[in-house]
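Okay, so here's the structure we're looking at.
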Amino acid sequence: MNGSQLHETLRNALLDRVGGFFRNTVRHSGETCSVCTGPVFSSDSARCGVCSSHRAEFGDQLADQVLPLTYVCGNRPQGIHQSAHTVVSYKRTPVAEKSVEDLCLMIMTATTIHASCIAVSPGRAWQAVTFVPSANNPGRGHPVARLARQVAFHNDADKRLTLDLGPGIESGQRTVRDDRFAVPEHYRDRVAGKHVLLVDDTWTSGAKAQSAAVTLKEAGASHVTVLCAARWCRYDWENHRSLFDSRTEPYDAYVCPVTGGTCPTN
Ligand SMILES: [Zn+2]
Ligand SMILES: [Zn+2]
């Protein structure tokens with residue numbers, strides 16, 4: 001199977017599995033946030049309110065690029081949407097295998113098809129891979145660790161790392177903190193000077209992923225890319241609802257998560 005056949009196979013597999021309920025995130029200036037792809041409140045702002053406040057406090061210490069793959073229709077008053085069911089049940093114990101496999105395939109496909117696109121802004125491919133740890137199950141046992149293992153990556157035995165929980169782990173869910181996580185001493189050389197790919201499952205406020213990004217930057221990472229399977233939208237909020245409802249096409253893995261359209265290198 002050559003490269004383009006593999007891409008076509010992955011795209012079709014995803015269309016079958018999640019096409020019916022996942023929707024590609026979109027990057028429209030004046031409409032969606034350049035960071036999290038959520039709605040912006042006014043057409044002259046590049047970022048949503050939450051991402052703007054993170055930016056005001058942490059500036060360049062935040063992730064350099066944030067790539068959520070699909071919108072999720074959350075908090076729907078008339079009953080749970082399949083997209084929300086998938087990202088919620090994925091974290092359940094016992095594990096909802098179909099949901100984990102769906103998100104794994106999303107991450108694997110995005111990093112297979114769009115690896116060179118993710119490398120454009122940092123000027124090089126990712127050199128290390130980690131994931132945003134979960135407070136109650138921070139290690140490799142959490143399904144997010146499985147997501148990170150899907151990242152297409154060659155000769156990777158010494159390029160993966162796991163973050164520790166830091167003293168700030170118990171702080172408010174919407175606060176970015178540089179002490180929520182920590183880079184273990186023995187992994188510091190996997191981070192210093194490197195473009196680190198940070199994998200997460202769901203972006204709500206982004207505070208956890210951005211906290212992990214700040215921690216990696218403080219440990220010397222030259223560039224942090226957050227690759228997140230899902231961007232949670234609140235269907236009971238008018239601006240989130242109209243964004244989700246405007247997306248009618250099934251999830252297409254060929255849509256570039258970096259540009260929201262065609263790939264920058266094509
Ligand atoms: Zn945002
Ligand atoms: Zn691309």
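Each chain in the structure tokens gets a letter, A, B and so on, in the order shown; residues start at 1 in every chain, and ligands are counted from 1 in the order they appear.
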
How would you report the residues lying within 6 Å of ligand 2, as a compact mmCIF listing (two decimals) with N, CA, C and O atoms, in the first residue's frame, if you count only C-alpha atoms and all ligand atoms?
```txt
# COMPACT_ATOMS: atom_id res chain seq x y z
N HIS A 114 -1.14 14.56 8.15
CA HIS A 114 -0.78 15.98 8.28
C HIS A 114 0.54 16.23 9.01
O HIS A 114 0.77 17.33 9.51
N CYS A 117 2.35 19.19 7.69
CA CYS A 117 1.63 20.45 7.96
C CYS A 117 1.92 20.92 9.39
O CYS A 117 2.12 22.12 9.64
N CYS A 256 -7.34 19.90 6.67
CA CYS A 256 -6.10 20.07 7.44
C CYS A 256 -6.40 20.71 8.81
O CYS A 256 -6.99 21.79 8.88
N CYS A 263 -4.10 21.68 2.85
CA CYS A 263 -2.81 21.58 3.55
C CYS A 263 -1.84 22.65 3.06
O CYS A 263 -1.79 22.95 1.87
```

Subject >> Exercise answer, 8 Å around ligand 1 with only C-alpha atoms and all ligand atoms, as a PyMOL selection string >> reply: chain A and resi 32-40+47-52+205-206

Original post:
Which residues, written as a PyMOL selection string, have at least one atom at most 9 Å from Ala110 (chain A), with only C-alpha atoms counted and residues fewer than 2 positions away on the same chain left out?
Top reply: chain A and resi 69+105-108+112-115+151-152+253-254+256-257

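Non-sequential neighbours of Ser222 (chain A) (distance at most 7 Å, separation of 4 or more positions within a chain, only C-alpha atoms) are Gly193, Lys194, His195 and Lys217 of chain A.
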
Residue selection dump (N, CA and C atoms) as a compact mmCIF listing (two decimals), in the first residue's frame:
```txt
# COMPACT_ATOMS: atom_id res chain seq x y z
N GLY A 193 14.95 22.10 24.08
CA GLY A 193 15.28 22.42 22.69
C GLY A 193 14.44 21.70 21.66
N LYS A 194 13.41 20.96 22.10
CA LYS A 194 12.66 20.10 21.19
C LYS A 194 11.28 20.67 20.84
N HIS A 195 10.80 20.26 19.67
CA HIS A 195 9.40 20.48 19.31
C HIS A 195 8.62 19.30 19.90
N LYS A 217 7.41 24.34 28.16
CA LYS A 217 8.21 25.49 27.73
C LYS A 217 9.22 25.87 28.81
```

Original post:
In terms of the shortest atom-to-atom distance over only C-alpha atoms, which of A:Glu170, A:Lys98, A:Leu161, A:Thr111 is closest to Ala128 (chain A)?
Top reply: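 That would be A:Leu161, the residue with the smallest distance to Ala128 (chain A).
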
Original post:
Which is closest to Arg231 (chain A) among A:Tyr71, A:Asp201, A:Gly141, A:Ile169, if we use only C-alpha atoms?
Top reply: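 Nearest to Arg231 (chain A): A:Tyr71.
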
Subject >> Filtered DSSP result for region 24-167 of chain A, state strand (DSSP E or B), as a VMD selection string >> reply: chain A and resid 24 32 39 65 to 74 128 to 131 134 137 160 164 to 165

Original post:
So, counting only C-alpha atoms, which residue among A:Cys73, A:Val255, A:Leu14, A:Ala84 is closest to Asp236 (chain A)?
Top reply: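 Distance minimum relative to Asp236 (chain A) lands on A:Cys73.
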
Original post:
Pick from A:Gly172, A:Thr109, A:Ala229, A:Pro184: nearest to Asn12 (chain A), with only C-alpha atoms counted?
Top reply: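 For Asn12 (chain A), the nearest of the candidates is A:Thr109.
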
Subject >> Straight-line distance linking CA of Asp189 (chain A) with CA of Ala213 (chain A), stated in Å to one decimal >> reply: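 Between CA of Asp189 (chain A) and CA of Ala213 (chain A) the gap works out to 16.1 Å.
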
**OP:** Output as JSON, numbers by chain all residues of region 96-248 of chain A that backbone DSSP marks as helix (DSSP H, G or I).
**Re:** {"A": [97, 98, 99, 100, 101, 102, 103, 104, 105, 106, 107, 108, 109, 110, 111, 112, 113, 115, 116, 117, 118, 143, 144, 145, 146, 147, 148, 149, 167, 168, 169, 170, 185, 186, 187, 188, 189, 190, 207, 208, 209, 210, 211, 212, 213, 214, 215, 216, 217, 218, 238, 239, 240, 241, 242, 243, 244, 245, 246]}

Export of the given selection (C-alpha atoms) as a PDB file, in the first residue's frame:
```pdb
ATOM      1  CA  GLU A  97     -13.552   0.180  23.555  1.00  0.00           C
ATOM      2  CA  LYS A  98     -15.353   1.517  20.469  1.00  0.00           C
ATOM      3  CA  SER A  99     -15.000   5.104  21.701  1.00  0.00           C
ATOM      4  CA  VAL A 100     -11.302   4.699  22.517  1.00  0.00           C
ATOM      5  CA  GLU A 101     -10.681   3.131  19.119  1.00  0.00           C
ATOM      6  CA  ASP A 102     -12.542   5.963  17.377  1.00  0.00           C
ATOM      7  CA  LEU A 103     -10.365   8.623  19.036  1.00  0.00           C
ATOM      8  CA  CYS A 104      -7.195   6.557  18.527  1.00  0.00           C
ATOM      9  CA  LEU A 105      -7.956   6.358  14.817  1.00  0.00           C
ATOM     10  CA  MET A 106      -8.503  10.141  14.706  1.00  0.00           C
ATOM     11  CA  ILE A 107      -5.072  10.824  16.240  1.00  0.00           C
ATOM     12  CA  MET A 108      -3.288   8.206  14.148  1.00  0.00           C
ATOM     13  CA  THR A 109      -4.866   9.451  10.934  1.00  0.00           C
ATOM     14  CA  ALA A 110      -4.195  13.139  11.619  1.00  0.00           C
ATOM     15  CA  THR A 111      -0.537  12.523  12.425  1.00  0.00           C
ATOM     16  CA  THR A 112      -0.127  10.266   9.397  1.00  0.00           C
ATOM     17  CA  ILE A 113      -1.765  12.574   6.845  1.00  0.00           C
ATOM     18  CA  ALA A 115       2.684  15.387   9.768  1.00  0.00           C
ATOM     19  CA  SER A 116       4.341  17.820   7.349  1.00  0.00           C
ATOM     20  CA  CYS A 117       1.628  20.450   7.962  1.00  0.00           C
ATOM     21  CA  ILE A 118       2.227  20.286  11.723  1.00  0.00           C
ATOM     22  CA  PRO A 143      -6.818   6.122  27.561  1.00  0.00           C
ATOM     23  CA  VAL A 144      -5.123   9.452  26.684  1.00  0.00           C
ATOM     24  CA  ALA A 145      -1.816   7.544  26.891  1.00  0.00           C
ATOM     25  CA  ARG A 146      -3.223   5.212  24.242  1.00  0.00           C
ATOM     26  CA  LEU A 147      -4.060   8.218  22.087  1.00  0.00           C
ATOM     27  CA  ALA A 148      -0.468   9.429  22.360  1.00  0.00           C
ATOM     28  CA  ARG A 149       0.820   6.001  21.361  1.00  0.00           C
ATOM     29  CA  PRO A 167       1.440  20.718  43.435  1.00  0.00           C
ATOM     30  CA  GLY A 168      -1.046  22.865  41.446  1.00  0.00           C
ATOM     31  CA  ILE A 169      -3.041  19.881  40.171  1.00  0.00           C
ATOM     32  CA  GLU A 170      -5.972  20.549  42.511  1.00  0.00           C
ATOM     33  CA  GLU A 185      14.153  15.085  35.907  1.00  0.00           C
ATOM     34  CA  HIS A 186      15.081  12.007  33.860  1.00  0.00           C
ATOM     35  CA  TYR A 187      12.980  13.225  30.899  1.00  0.00           C
ATOM     36  CA  ARG A 188      14.402  16.750  30.741  1.00  0.00           C
ATOM     37  CA  ASP A 189      16.702  15.996  27.816  1.00  0.00           C
ATOM     38  CA  ARG A 190      13.702  14.730  25.803  1.00  0.00           C
ATOM     39  CA  ALA A 207      -6.495  25.212  30.953  1.00  0.00           C
ATOM     40  CA  LYS A 208      -5.080  21.726  31.460  1.00  0.00           C
ATOM     41  CA  ALA A 209      -3.449  21.464  28.048  1.00  0.00           C
ATOM     42  CA  GLN A 210      -2.058  25.008  28.297  1.00  0.00           C
ATOM     43  CA  SER A 211      -0.731  24.298  31.793  1.00  0.00           C
ATOM     44  CA  ALA A 212       1.125  21.286  30.383  1.00  0.00           C
ATOM     45  CA  ALA A 213       2.418  23.435  27.514  1.00  0.00           C
ATOM     46  CA  VAL A 214       3.723  26.088  29.931  1.00  0.00           C
ATOM     47  CA  THR A 215       5.461  23.377  31.956  1.00  0.00           C
ATOM     48  CA  LEU A 216       7.121  21.999  28.816  1.00  0.00           C
ATOM     49  CA  LYS A 217       8.205  25.494  27.731  1.00  0.00           C
ATOM     50  CA  GLU A 218       9.685  26.186  31.165  1.00  0.00           C
ATOM     51  CA  GLU A 238     -26.251  30.119  21.400  1.00  0.00           C
ATOM     52  CA  ASN A 239     -22.861  30.904  19.813  1.00  0.00           C
ATOM     53  CA  HIS A 240     -21.591  27.342  20.307  1.00  0.00           C
ATOM     54  CA  ARG A 241     -24.841  25.913  18.951  1.00  0.00           C
ATOM     55  CA  SER A 242     -24.757  28.001  15.783  1.00  0.00           C
ATOM     56  CA  LEU A 243     -21.109  27.057  15.184  1.00  0.00           C
ATOM     57  CA  PHE A 244     -21.872  23.360  15.572  1.00  0.00           C
ATOM     58  CA  ASP A 245     -25.023  23.543  13.468  1.00  0.00           C
ATOM     59  CA  SER A 246     -23.152  25.346  10.689  1.00  0.00           C
TER      60      SER A 246
END
```
